[in-house]
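Structure file entry_31.cif; described as mmCIF, C-alpha atoms and all ligand atoms.
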data_entry
loop_
_atom_site.group_PDB
_atom_site.id
_atom_site.type_symbol
_atom_site.label_atom_id
_atom_site.label_comp_id
_atom_site.auth_asym_id
_atom_site.auth_seq_id
_atom_site.Cartn_x
_atom_site.Cartn_y
_atom_site.Cartn_z
ATOM 1 C CA MET A 1 21.348 -43.299 -27.325
ATOM 2 C CA VAL A 2 20.986 -39.548 -26.954
ATOM 3 C CA VAL A 3 17.659 -38.413 -25.622
ATOM 4 C CA ILE A 4 16.881 -34.863 -26.568
ATOM 5 C CA ALA A 5 14.501 -33.488 -24.006
ATOM 6 C CA LYS A 6 12.008 -31.022 -25.345
ATOM 7 C CA ARG A 7 11.872 -27.924 -23.195
ATOM 8 C CA LEU A 8 8.325 -27.713 -21.929
ATOM 9 C CA PRO A 9 6.949 -24.473 -20.535
ATOM 10 C CA GLU A 10 7.090 -24.278 -16.757
ATOM 11 C CA PRO A 11 3.740 -25.714 -15.631
ATOM 12 C CA ARG A 12 3.162 -22.806 -13.246
ATOM 13 C CA LEU A 13 3.432 -20.344 -16.107
ATOM 14 C CA ALA A 14 0.952 -22.092 -18.358
ATOM 15 C CA TRP A 15 -2.296 -20.249 -18.988
ATOM 16 C CA GLN A 16 -5.382 -21.820 -17.463
ATOM 17 C CA ILE A 17 -9.066 -21.011 -17.515
ATOM 18 C CA ALA A 18 -10.319 -19.853 -14.138
ATOM 19 C CA THR A 19 -13.976 -19.548 -13.181
ATOM 20 C CA VAL A 20 -15.228 -16.453 -11.393
ATOM 21 C CA GLN A 21 -16.603 -17.840 -8.174
ATOM 22 C CA ALA A 22 -17.659 -14.644 -6.398
ATOM 23 C CA ILE A 23 -17.285 -10.878 -6.609
ATOM 24 C CA GLN A 24 -17.277 -8.627 -3.586
ATOM 25 C CA ARG A 25 -17.244 -4.843 -3.434
ATOM 26 C CA GLU A 26 -14.510 -3.586 -1.080
ATOM 27 C CA THR A 27 -14.685 0.196 -1.608
ATOM 28 C CA PRO A 28 -16.468 2.403 -4.161
ATOM 29 C CA ARG A 29 -13.641 1.757 -6.678
ATOM 30 C CA VAL A 30 -12.348 -1.656 -5.658
ATOM 31 C CA LYS A 31 -13.672 -5.191 -5.987
ATOM 32 C CA THR A 32 -12.367 -8.589 -4.952
ATOM 33 C CA ILE A 33 -12.770 -11.364 -7.493
ATOM 34 C CA THR A 34 -12.554 -14.949 -6.311
ATOM 35 C CA LEU A 35 -11.277 -17.295 -8.991
ATOM 36 C CA ARG A 36 -11.506 -21.079 -8.910
ATOM 37 C CA LEU A 37 -8.481 -22.606 -10.617
ATOM 38 C CA PRO A 38 -8.418 -26.042 -12.272
ATOM 39 C CA ASP A 39 -4.610 -26.129 -11.775
ATOM 40 C CA TRP A 40 -4.376 -24.412 -8.418
ATOM 41 C CA MET A 41 -0.883 -24.206 -7.009
ATOM 42 C CA ARG A 42 0.099 -22.990 -3.556
ATOM 43 C CA HIS A 43 1.485 -19.466 -3.853
ATOM 44 C CA ARG A 44 3.873 -17.473 -1.682
ATOM 45 C CA PRO A 45 2.291 -14.370 -0.144
ATOM 46 C CA GLY A 46 3.300 -11.392 -2.289
ATOM 47 C CA GLN A 47 3.128 -13.214 -5.621
ATOM 48 C CA HIS A 48 0.796 -12.266 -8.450
ATOM 49 C CA TYR A 49 -1.112 -13.712 -11.391
ATOM 50 C CA ASP A 50 -1.260 -12.472 -14.949
ATOM 51 C CA VAL A 51 -4.726 -12.002 -16.405
ATOM 52 C CA ARG A 52 -5.265 -12.076 -20.175
ATOM 53 C CA LEU A 53 -8.384 -10.836 -21.914
ATOM 54 C CA THR A 54 -9.081 -11.703 -25.549
ATOM 55 C CA ALA A 55 -11.645 -9.825 -27.636
ATOM 56 C CA PRO A 56 -13.649 -11.626 -30.348
ATOM 57 C CA ASP A 57 -11.363 -10.022 -32.989
ATOM 58 C CA GLY A 58 -8.281 -11.536 -31.303
ATOM 59 C CA TYR A 59 -7.080 -8.333 -29.581
ATOM 60 C CA GLN A 60 -5.476 -9.221 -26.264
ATOM 61 C CA ALA A 61 -4.686 -7.237 -23.124
ATOM 62 C CA GLN A 62 -2.659 -8.621 -20.251
ATOM 63 C CA ARG A 63 -2.148 -7.220 -16.731
ATOM 64 C CA SER A 64 -0.729 -8.432 -13.416
ATOM 65 C CA TYR A 65 -2.778 -8.675 -10.204
ATOM 66 C CA SER A 66 -1.417 -9.569 -6.786
ATOM 67 C CA ILE A 67 -2.946 -12.429 -4.866
ATOM 68 C CA ALA A 68 -4.890 -11.144 -1.877
ATOM 69 C CA SER A 69 -5.756 -14.474 -0.293
ATOM 70 C CA GLU A 70 -3.593 -16.661 1.891
ATOM 71 C CA PRO A 71 -1.877 -19.705 0.352
ATOM 72 C CA GLU A 72 -3.580 -22.007 2.831
ATOM 73 C CA ARG A 73 -6.882 -21.581 0.952
ATOM 74 C CA GLU A 74 -6.816 -24.357 -1.611
ATOM 75 C CA GLY A 75 -8.293 -24.374 -5.096
ATOM 76 C CA GLU A 76 -9.014 -20.665 -5.377
ATOM 77 C CA ILE A 77 -7.453 -17.239 -5.123
ATOM 78 C CA ASP A 78 -8.711 -13.711 -4.513
ATOM 79 C CA LEU A 79 -7.603 -10.835 -6.715
ATOM 80 C CA THR A 80 -8.473 -7.327 -5.534
ATOM 81 C CA VAL A 81 -8.749 -4.840 -8.374
ATOM 82 C CA GLU A 82 -9.012 -1.075 -8.337
ATOM 83 C CA GLN A 83 -10.914 0.398 -11.253
ATOM 84 C CA ALA A 84 -8.504 2.760 -13.059
ATOM 85 C CA PRO A 85 -10.179 5.653 -14.900
ATOM 86 C CA ASP A 86 -10.636 4.398 -18.484
ATOM 87 C CA GLY A 87 -8.485 1.385 -17.577
ATOM 88 C CA GLU A 88 -8.765 -1.375 -20.136
ATOM 89 C CA VAL A 89 -8.546 -4.464 -17.954
ATOM 90 C CA SER A 90 -9.515 -3.157 -14.503
ATOM 91 C CA VAL A 91 -12.781 -1.676 -15.788
ATOM 92 C CA TYR A 92 -13.656 -4.992 -17.385
ATOM 93 C CA MET A 93 -12.869 -6.840 -14.163
ATOM 94 C CA CYS A 94 -14.797 -4.416 -11.954
ATOM 95 C CA GLU A 95 -17.755 -3.635 -14.215
ATOM 96 C CA VAL A 96 -18.304 -6.495 -16.646
ATOM 97 C CA LEU A 97 -17.312 -9.741 -14.924
ATOM 98 C CA VAL A 98 -20.048 -11.745 -13.198
ATOM 99 C CA PRO A 99 -19.865 -14.999 -11.261
ATOM 100 C CA GLY A 100 -19.651 -17.956 -13.604
ATOM 101 C CA ASP A 101 -17.546 -16.096 -16.206
ATOM 102 C CA LEU A 102 -14.308 -17.677 -17.377
ATOM 103 C CA MET A 103 -10.939 -15.894 -17.354
ATOM 104 C CA GLU A 104 -7.496 -16.742 -18.661
ATOM 105 C CA VAL A 105 -4.828 -16.514 -15.943
ATOM 106 C CA ARG A 106 -1.324 -17.756 -15.247
ATOM 107 C CA GLY A 107 0.693 -17.870 -12.057
ATOM 108 C CA PRO A 108 1.705 -17.699 -9.305
ATOM 109 C CA ILE A 109 4.519 -15.408 -10.439
ATOM 110 C CA GLY A 110 7.348 -13.661 -8.576
ATOM 111 C CA GLY A 111 9.995 -14.699 -6.103
ATOM 112 C CA TYR A 112 11.359 -11.443 -4.717
ATOM 113 C CA PHE A 113 8.449 -9.554 -3.181
ATOM 114 C CA VAL A 114 7.367 -12.496 -1.038
ATOM 115 C CA TRP A 115 7.181 -13.233 2.640
ATOM 116 C CA GLU A 116 6.117 -16.275 4.602
ATOM 117 C CA THR A 117 6.391 -16.932 8.307
ATOM 118 C CA SER A 118 9.410 -19.204 7.828
ATOM 119 C CA MET A 119 11.352 -16.094 6.737
ATOM 120 C CA GLY A 120 10.855 -14.511 10.161
ATOM 121 C CA GLY A 121 10.694 -10.840 10.980
ATOM 122 C CA PRO A 122 9.922 -8.321 12.364
ATOM 123 C CA LEU A 123 8.087 -6.847 9.412
ATOM 124 C CA LEU A 124 7.432 -3.291 8.406
ATOM 125 C CA LEU A 125 4.751 -3.082 5.715
ATOM 126 C CA VAL A 126 4.061 0.152 3.857
ATOM 127 C CA ALA A 127 1.053 0.280 1.529
ATOM 128 C CA GLY A 128 -0.265 2.971 -0.777
ATOM 129 C CA GLY A 129 -3.870 2.411 -1.901
ATOM 130 C CA VAL A 130 -4.357 -0.888 -3.683
ATOM 131 C CA GLY A 131 -0.730 -1.714 -2.791
ATOM 132 C CA ILE A 132 -2.215 -3.270 0.345
ATOM 133 C CA VAL A 133 -3.201 -6.364 -1.700
ATOM 134 C CA PRO A 134 0.008 -8.476 -1.585
ATOM 135 C CA LEU A 135 0.636 -7.313 1.992
ATOM 136 C CA MET A 136 -2.846 -8.572 2.901
ATOM 137 C CA SER A 137 -1.891 -12.010 1.635
ATOM 138 C CA MET A 138 1.091 -11.887 4.013
ATOM 139 C CA LEU A 139 -1.113 -10.788 6.944
ATOM 140 C CA ARG A 140 -3.771 -13.412 6.223
ATOM 141 C CA HIS A 141 -1.099 -16.108 5.973
ATOM 142 C CA ARG A 142 0.429 -14.943 9.267
ATOM 143 C CA ALA A 143 -2.991 -15.063 10.938
ATOM 144 C CA VAL A 144 -4.003 -18.465 9.556
ATOM 145 C CA VAL A 145 -0.817 -20.154 10.770
ATOM 146 C CA GLY A 146 -1.052 -18.340 14.123
ATOM 147 C CA ALA A 147 2.357 -16.678 13.870
ATOM 148 C CA GLU A 148 3.175 -13.734 16.111
ATOM 149 C CA VAL A 149 5.996 -12.240 14.050
ATOM 150 C CA PRO A 150 5.863 -8.536 15.055
ATOM 151 C CA VAL A 151 4.362 -6.451 12.247
ATOM 152 C CA ARG A 152 3.761 -2.761 11.766
ATOM 153 C CA LEU A 153 1.647 -1.703 8.825
ATOM 154 C CA LEU A 154 1.518 1.879 7.589
ATOM 155 C CA TYR A 155 -1.364 2.170 5.127
ATOM 156 C CA SER A 156 -1.978 5.308 3.092
ATOM 157 C CA ALA A 157 -5.402 5.852 1.520
ATOM 158 C CA ARG A 158 -7.343 8.870 0.317
ATOM 159 C CA SER A 159 -10.161 8.506 2.845
ATOM 160 C CA LEU A 160 -11.525 5.975 5.292
ATOM 161 C CA GLU A 161 -13.984 4.743 2.634
ATOM 162 C CA ASP A 162 -10.988 3.984 0.419
ATOM 163 C CA VAL A 163 -9.276 1.769 3.007
ATOM 164 C CA ILE A 164 -9.541 -1.717 1.524
ATOM 165 C CA TYR A 165 -10.186 -4.586 3.993
ATOM 166 C CA TYR A 166 -10.716 -2.059 6.834
ATOM 167 C CA GLN A 167 -12.944 -4.293 8.993
ATOM 168 C CA GLU A 168 -10.700 -7.313 8.522
ATOM 169 C CA LEU A 169 -7.546 -5.330 9.277
ATOM 170 C CA GLU A 170 -9.093 -4.008 12.472
ATOM 171 C CA GLN A 171 -10.134 -7.534 13.438
ATOM 172 C CA LEU A 172 -6.632 -8.890 12.745
ATOM 173 C CA ALA A 173 -5.079 -6.147 14.901
ATOM 174 C CA ARG A 174 -7.570 -6.838 17.719
ATOM 175 C CA THR A 175 -6.714 -10.529 17.775
ATOM 176 C CA SER A 176 -2.940 -10.237 17.395
ATOM 177 C CA PRO A 177 -1.084 -8.186 20.000
ATOM 178 C CA THR A 178 1.982 -8.070 17.758
ATOM 179 C CA LEU A 179 0.218 -6.495 14.774
ATOM 180 C CA GLU A 180 -0.077 -2.715 14.811
ATOM 181 C CA ILE A 181 -1.711 -0.687 12.071
ATOM 182 C CA TYR A 182 -1.231 3.006 11.321
ATOM 183 C CA TYR A 183 -3.377 4.782 8.758
ATOM 184 C CA THR A 184 -2.807 7.997 6.949
ATOM 185 C CA LEU A 185 -5.794 9.509 5.124
ATOM 186 C CA THR A 186 -4.438 11.947 2.605
ATOM 187 C CA ARG A 187 -7.567 13.682 1.261
ATOM 188 C CA LYS A 188 -10.497 13.328 3.636
ATOM 189 C CA GLN A 189 -10.588 12.450 7.322
ATOM 190 C CA PRO A 190 -13.668 11.592 9.388
ATOM 191 C CA PRO A 191 -14.533 13.919 12.305
ATOM 192 C CA GLY A 192 -12.210 13.330 15.267
ATOM 193 C CA TRP A 193 -9.659 11.437 13.173
ATOM 194 C CA GLN A 194 -6.607 10.624 15.307
ATOM 195 C CA GLY A 195 -4.393 9.127 12.611
ATOM 196 C CA TYR A 196 -2.107 10.796 10.106
ATOM 197 C CA ALA A 197 -3.595 13.085 7.466
ATOM 198 C CA ARG A 198 -0.817 13.623 4.938
ATOM 199 C CA ARG A 199 1.232 11.726 2.398
ATOM 200 C CA VAL A 200 3.827 9.288 3.712
ATOM 201 C CA ASP A 201 7.127 11.043 4.465
ATOM 202 C CA GLY A 202 10.325 10.541 6.438
ATOM 203 C CA PRO A 203 9.115 11.970 9.773
ATOM 204 C CA MET A 204 6.004 9.763 9.599
ATOM 205 C CA LEU A 205 8.075 6.642 8.928
ATOM 206 C CA GLN A 206 10.439 7.654 11.708
ATOM 207 C CA GLU A 207 7.542 7.966 14.173
ATOM 208 C CA VAL A 208 5.886 4.739 13.096
ATOM 209 C CA THR A 209 9.070 2.734 13.488
ATOM 210 C CA ALA A 210 10.585 4.510 16.513
ATOM 211 C CA SER A 211 9.030 2.368 19.233
ATOM 212 C CA PHE A 212 8.911 -0.782 17.120
ATOM 213 C CA VAL A 213 10.535 -3.818 18.671
ATOM 214 C CA GLY A 214 12.262 -4.334 15.361
ATOM 215 C CA ALA A 215 12.975 -0.693 14.599
ATOM 216 C CA ALA A 216 13.190 -0.500 10.820
ATOM 217 C CA GLN A 217 16.867 0.378 11.050
ATOM 218 C CA GLY A 218 17.577 -2.891 12.893
ATOM 219 C CA PRO A 219 19.352 -5.581 10.902
ATOM 220 C CA ALA A 220 16.582 -8.183 11.109
ATOM 221 C CA THR A 221 13.615 -6.088 10.031
ATOM 222 C CA ARG A 222 12.159 -6.933 6.647
ATOM 223 C CA VAL A 223 10.500 -4.017 4.911
ATOM 224 C CA TYR A 224 7.933 -4.344 2.106
ATOM 225 C CA VAL A 225 6.630 -1.310 0.243
ATOM 226 C CA CYS A 226 3.868 -1.575 -2.357
ATOM 227 C CA GLY A 227 1.670 0.829 -4.283
ATOM 228 C CA PRO A 228 1.609 3.062 -7.325
ATOM 229 C CA THR A 229 5.099 3.776 -8.671
ATOM 230 C CA PRO A 230 5.368 7.397 -7.366
ATOM 231 C CA PHE A 231 4.241 6.300 -3.887
ATOM 232 C CA VAL A 232 6.818 3.508 -3.772
ATOM 233 C CA GLU A 233 9.622 5.838 -4.901
ATOM 234 C CA VAL A 234 8.838 8.385 -2.201
ATOM 235 C CA ALA A 235 8.354 5.853 0.601
ATOM 236 C CA ALA A 236 11.425 3.770 -0.268
ATOM 237 C CA ASN A 237 13.653 6.850 -0.528
ATOM 238 C CA ALA A 238 12.319 8.186 2.762
ATOM 239 C CA LEU A 239 13.070 4.849 4.446
ATOM 240 C CA VAL A 240 16.647 4.934 3.233
ATOM 241 C CA ASP A 241 16.930 8.568 4.356
ATOM 242 C CA ILE A 242 15.933 7.619 7.911
ATOM 243 C CA GLY A 243 18.632 4.973 7.986
ATOM 244 C CA VAL A 244 17.016 1.753 6.786
ATOM 245 C CA PRO A 245 19.593 -0.299 4.879
ATOM 246 C CA PRO A 246 18.421 -0.371 1.228
ATOM 247 C CA GLU A 247 18.987 -4.116 0.971
ATOM 248 C CA GLN A 248 16.272 -4.655 3.613
ATOM 249 C CA VAL A 249 13.630 -2.827 1.580
ATOM 250 C CA ARG A 250 11.677 -4.803 -1.011
ATOM 251 C CA THR A 251 9.394 -2.881 -3.320
ATOM 252 C CA GLU A 252 6.555 -3.717 -5.696
ATOM 253 C CA ARG A 253 5.424 -1.016 -8.106
ATOM 254 C CA PHE A 254 1.921 -1.166 -9.525
ATOM 255 C CA GLY A 255 2.939 0.781 -12.596
ATOM 256 C CA PRO A 256 1.572 -0.025 -16.017
ATOM 257 C CA THR A 257 2.360 -3.579 -17.013
ATOM 258 C CA GLY A 258 1.798 -2.852 -20.673
ATOM 259 C CA GLY A 259 0.814 -5.941 -22.502
ATOM 260 C CA SER A 260 -1.713 -5.116 -25.161
ATOM 261 C CA ALA A 261 -1.272 -6.948 -28.409
HETATM 262 C C1 LIG B 301 3.211 -6.989 -10.106
HETATM 263 C C2 LIG B 301 1.964 -6.147 -10.223
HETATM 264 C C3 LIG B 301 0.888 -6.413 -9.383
HETATM 265 C C4 LIG B 301 -0.269 -5.633 -9.479
HETATM 266 N N1 LIG B 301 -1.294 -5.901 -8.623
HETATM 267 C C5 LIG B 301 -2.421 -5.159 -8.694
HETATM 268 C C6 LIG B 301 -3.503 -5.415 -7.789
HETATM 269 O O1 LIG B 301 -3.442 -6.300 -6.912
HETATM 270 N N2 LIG B 301 -4.624 -4.669 -7.924
HETATM 271 C C7 LIG B 301 -4.732 -3.666 -8.881
HETATM 272 O O2 LIG B 301 -5.788 -3.020 -8.947
HETATM 273 N N3 LIG B 301 -3.707 -3.408 -9.723
HETATM 274 C C8 LIG B 301 -2.579 -4.127 -9.671
HETATM 275 N N4 LIG B 301 -1.563 -3.890 -10.557
HETATM 276 C C9 LIG B 301 -1.769 -2.893 -11.646
HETATM 277 C C10 LIG B 301 -2.459 -3.603 -12.825
HETATM 278 O O3 LIG B 301 -1.566 -4.542 -13.392
HETATM 279 C C11 LIG B 301 -2.882 -2.632 -13.936
HETATM 280 O O4 LIG B 301 -1.770 -1.852 -14.296
HETATM 281 C C12 LIG B 301 -4.047 -1.736 -13.529
HETATM 282 O O5 LIG B 301 -5.182 -2.505 -13.185
HETATM 283 C C13 LIG B 301 -4.415 -0.806 -14.683
HETATM 284 O O6 LIG B 301 -4.704 -1.576 -15.819
HETATM 285 P P1 LIG B 301 -5.880 -1.181 -16.820
HETATM 286 O O7 LIG B 301 -5.798 -2.074 -18.012
HETATM 287 O O8 LIG B 301 -7.185 -1.091 -16.142
HETATM 288 O O9 LIG B 301 -5.510 0.297 -17.201
HETATM 289 P P2 LIG B 301 -4.691 0.769 -18.480
HETATM 290 O O10 LIG B 301 -5.582 0.649 -19.666
HETATM 291 O O11 LIG B 301 -3.379 0.087 -18.530
HETATM 292 O O12 LIG B 301 -4.522 2.281 -18.081
HETATM 293 C C14 LIG B 301 -3.943 2.617 -16.801
HETATM 294 C C15 LIG B 301 -4.235 4.073 -16.514
HETATM 295 O O13 LIG B 301 -3.508 4.836 -17.417
HETATM 296 C C16 LIG B 301 -4.379 5.665 -18.108
HETATM 297 N N5 LIG B 301 -3.948 5.623 -19.507
HETATM 298 C C17 LIG B 301 -3.963 4.568 -20.332
HETATM 299 N N6 LIG B 301 -3.478 4.909 -21.527
HETATM 300 C C18 LIG B 301 -3.161 6.221 -21.442
HETATM 301 C C19 LIG B 301 -2.622 7.157 -22.332
HETATM 302 N N7 LIG B 301 -2.307 6.830 -23.585
HETATM 303 N N8 LIG B 301 -2.412 8.422 -21.898
HETATM 304 C C20 LIG B 301 -2.718 8.771 -20.655
HETATM 305 N N9 LIG B 301 -3.238 7.925 -19.759
HETATM 306 C C21 LIG B 301 -3.450 6.683 -20.151
HETATM 307 C C22 LIG B 301 -5.778 5.117 -17.960
HETATM 308 O O14 LIG B 301 -6.717 6.142 -17.918
HETATM 309 C C23 LIG B 301 -5.695 4.426 -16.641
HETATM 310 O O15 LIG B 301 -6.045 5.299 -15.628
HETATM 311 C C24 LIG B 301 -0.380 -4.615 -10.450
HETATM 312 C C25 LIG B 301 0.718 -4.352 -11.287
HETATM 313 C C26 LIG B 301 1.865 -5.102 -11.169
HETATM 314 C C27 LIG B 301 3.019 -4.789 -12.087
#
Would you encode the structure as structure tokens?
Ligand SMILES: Cc1cc2nc3c(=O)[nH]c(=O)nc-3n(C[C@H](O)[C@H](O)[C@H](O)COP(=O)(O)OP(=O)(O)OC[C@H]3O[C@@H](n4cnc5c(N)ncnc54)[C@H](O)[C@@H]3O)c2cc1C
Amino acid sequence: MVVIAKRLPEPRLAWQIATVQAIQRETPRVKTITLRLPDWMRHRPGQHYDVRLTAPDGYQAQRSYSIASEPEREGEIDLTVEQAPDGEVSVYMCEVLVPGDLMEVRGPIGGYFVWETSMGGPLLLVAGGVGIVPLMSMLRHRAVVGAEVPVRLLYSARSLEDVIYYQELEQLARTSPTLEIYYTLTRKQPPGWQGYARRVDGPMLQEVTASFVGAAQGPATRVYVCGPTPFVEVAANALVDIGVPPEQVRTERFGPTGGSA
């Protein structure tokens, strides 16, 4: 007897209805939305979910959002969303959603821009703006499991008020001697600012990695770059220019994901 197996959709890619559990303001333009998932599945730090909104007339818009929380937190995930000017989905998520609302999501998605402690290090993380989100999942995971994989994070934001998770990042760096964080504030710096004050470039990356135990040019260092597409292009090219082997650099571009129907 021949059994013809019907090809079912991968369970992890099925849409499910999440409940908005909590909403927290991170910066003037960014909010974190905690979603409770009926079909929660452990993710790998760096992965994302797709969000799909459906209007009463059937119009749909779909976007991707990285998971900010660590995989060890069961049953729910955090998405951190920056409100894009006139953005279709991000404005809805930042301005309209309230706790108790239901949302259609699917995930976790992605197998390339991921890191977990079993993969080792050292790690060089480079974030532009909201590009910190998947890197934060990696840092939270590292902290929760108590790993001391050496990490350097270079985080570019417009101003100190725009640094997402600032207090938590500072706390993580205080409690882990092998985590070092460098900020560059490109538009506005507080009085007495000691950090960088320009866009990420080759000399900055060279300085940040020079004294690193796993200098970025070393064969074992894993490099993750995330942010808006132009930021990622510049940072990734600059890394290669200072001698980092391209195959060690993983990038995630937060460009438009399209997806209106
Ligand atoms: C893998 C992945 C992970 C991501 N993770 C995150 C995350 O963690 N957090 C996050 O905030 N974002 C993330 N993004 C980006 C996110 O998916 C959306 O692209 C973002 O929220 C903007 O969507 P939107 O619907 O609000 O804006 P859209 O409606 O898509 O518009 C985007 C911008 O383009 C402008 N625009 C739209 N149409 C036009 C037009 N015709 N002409 C000129 N300008 C126009 C809008 O003004 C707006 O500023 C991720 C993207 C990817 C691919």
Sorted by chain and rising residue number, list the residues of chain A at most 10 Å from ligand LIG 301 (chain B) (counting all atoms listed in the file), each with its closest atom pair and distance in Å to one decimal, as CSV.
residue,atom,partner,partner_atom,distance
A:Arg29,CA,B:LIG301,O2,9.5
A:Val30,CA,B:LIG301,O2,7.5
A:Lys31,CA,B:LIG301,O2,8.7
A:Thr32,CA,B:LIG301,N2,9.2
A:Gly46,CA,B:LIG301,C1,9.0
A:Gln47,CA,B:LIG301,C1,7.7
A:His48,CA,B:LIG301,C3,5.9
A:Tyr49,CA,B:LIG301,C3,7.8
A:Asp50,CA,B:LIG301,O3,8.1
A:Val51,CA,B:LIG301,O3,8.6
A:Leu53,CA,B:LIG301,O7,9.9
A:Ala61,CA,B:LIG301,O7,7.4
A:Gln62,CA,B:LIG301,O7,7.6
A:Arg63,CA,B:LIG301,O3,4.3
A:Ser64,CA,B:LIG301,O3,4.0
A:Tyr65,CA,B:LIG301,N1,3.5
A:Ser66,CA,B:LIG301,O1,3.8
A:Ile67,CA,B:LIG301,O1,6.5
A:Ala68,CA,B:LIG301,O1,7.1
A:Asp78,CA,B:LIG301,O1,9.4
A:Leu79,CA,B:LIG301,O1,6.2
A:Thr80,CA,B:LIG301,N2,5.3
A:Val81,CA,B:LIG301,O2,3.5
A:Glu82,CA,B:LIG301,O2,3.8
A:Gln83,CA,B:LIG301,O8,6.3
A:Ala84,CA,B:LIG301,O15,4.4
A:Pro85,CA,B:LIG301,O15,4.2
A:Asp86,CA,B:LIG301,O14,4.3
A:Gly87,CA,B:LIG301,O8,3.1
A:Glu88,CA,B:LIG301,O7,3.7
A:Val89,CA,B:LIG301,O7,3.6
A:Ser90,CA,B:LIG301,O8,3.5
A:Val91,CA,B:LIG301,O8,5.6
A:Tyr92,CA,B:LIG301,O8,7.7
A:Met93,CA,B:LIG301,O8,8.3
A:Cys94,CA,B:LIG301,O8,9.3
A:Ile109,CA,B:LIG301,C1,8.5
A:Gly110,CA,B:LIG301,C1,8.0
A:Phe113,CA,B:LIG301,C1,9.1
A:Gly129,CA,B:LIG301,O2,9.1
A:Val130,CA,B:LIG301,N2,5.7
A:Gly131,CA,B:LIG301,O1,6.7
A:Ile132,CA,B:LIG301,O1,8.0
A:Val133,CA,B:LIG301,O1,5.2
A:Pro134,CA,B:LIG301,O1,6.7
A:Leu135,CA,B:LIG301,O1,9.8
A:Cys226,CA,B:LIG301,C3,9.0
A:Gly227,CA,B:LIG301,C8,8.5
A:Pro228,CA,B:LIG301,C9,8.1
A:Thr229,CA,B:LIG301,C27,9.5
A:Glu252,CA,B:LIG301,C1,6.4
A:Arg253,CA,B:LIG301,C27,6.0
A:Phe254,CA,B:LIG301,C25,3.8
A:Gly255,CA,B:LIG301,C27,5.6
A:Pro256,CA,B:LIG301,O4,4.2
A:Thr257,CA,B:LIG301,C27,5.1
A:Gly258,CA,B:LIG301,O11,6.3
A:Gly259,CA,B:LIG301,O11,8.3
A:Ser260,CA,B:LIG301,O11,8.6
In Å, how far is it from CA of Asn237 in chain A to CA of Glu161 in chain A?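 Taking CA of Asn237 in chain A and CA of Glu161 in chain A, their separation equals 27.9 Å.
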Measure the distance from CA of Gly111 in chain A to CA of Thr251 in chain A in Å and round it to one decimal.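 Interatomic distance, CA of Gly111 in chain A to CA of Thr251 in chain A: 12.2 Å.
Distances here use all atoms listed in the file; by that measure, the residue among A:Pro191, A:Pro177, A:Pro230, A:Gly58 closest to Glu148 in chain A is A:Pro177.
As for CA of Pro108 in chain A and CA of Val126 in chain A, they are spaced 22.3 Å apart.
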Which is closer to Thr209 in chain A than all the others in A:Arg106, A:Arg44, A:Arg152, A:Arg140, using only C-alpha atoms?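 Among the listed residues, A:Arg152 lies closest to Thr209 in chain A.
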Polymer residues at most 8 Å from Val149 in chain A, all atoms listed in the file, same-chain spacing of 3 or more positions, as a list in words: Thr117, Gly120, Gly121, Pro122, Leu123, Arg142 and Thr178 of chain A
The residue from A:Ile164, A:Ala236, A:Met138, A:Ala14 with the smallest atom-to-atom distance to Gly202 in chain A, counting all atoms listed in the file, is A:Ala236
Quick one: of A:Leu153, A:Leu179, A:Ile23, A:Ala210, who's nearest to Val96 in chain A, counting all atoms listed in the file?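 Among the listed residues, A:Ile23 lies closest to Val96 in chain A.
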Which of these residues is nearest to Ala143 in chain A, using all atoms listed in the file: A:Asp201, A:Asp162, A:Glu70, A:Glu104?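 Distance minimum relative to Ala143 in chain A lands on A:Glu70.
Applied to the shown file, the PyMOL selection byres (((chain A and resi 183) around 7) and not hetatm) selects the residues Leu154, Tyr155, Ser156, Ile181, Tyr182, Thr184, Leu185, Gly195 and Tyr196 of chain A.
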Write a file of the selected residues as a PDB file, in the coordinates of the input, keeping C-alpha atoms.
ATOM      1  CA  LEU A 154       1.518   1.879   7.589  1.00  0.00           C
ATOM      2  CA  TYR A 155      -1.364   2.170   5.127  1.00  0.00           C
ATOM      3  CA  SER A 156      -1.978   5.308   3.092  1.00  0.00           C
ATOM      4  CA  ILE A 181      -1.711  -0.687  12.071  1.00  0.00           C
ATOM      5  CA  TYR A 182      -1.231   3.006  11.321  1.00  0.00           C
ATOM      6  CA  THR A 184      -2.807   7.997   6.949  1.00  0.00           C
ATOM      7  CA  LEU A 185      -5.794   9.509   5.124  1.00  0.00           C
ATOM      8  CA  GLY A 195      -4.393   9.127  12.611  1.00  0.00           C
ATOM      9  CA  TYR A 196      -2.107  10.796  10.106  1.00  0.00           C
TER      10      TYR A 196
END
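Of the listed residues (A:Glu76, A:Tyr59, A:Thr54, A:Gln21), A:Glu76 comes nearest to Leu37 in chain A; the distances count only C-alpha atoms.
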Expected selection from the PyMOL selection byres (((chain A and resi 160) around 8) and not hetatm), given as a PyMOL selection string: chain A and resi 157-159+161-163+185+188-190
On this structure, which residues satisfy the PyMOL selection byres (((chain A and resi 222) around 8) and not hetatm), written as a list in words? Gly121, Pro122, Leu123, Leu124, Ala216, Ala220, Thr221, Val223, Tyr224, Gln248, Val249 and Arg250 of chain A
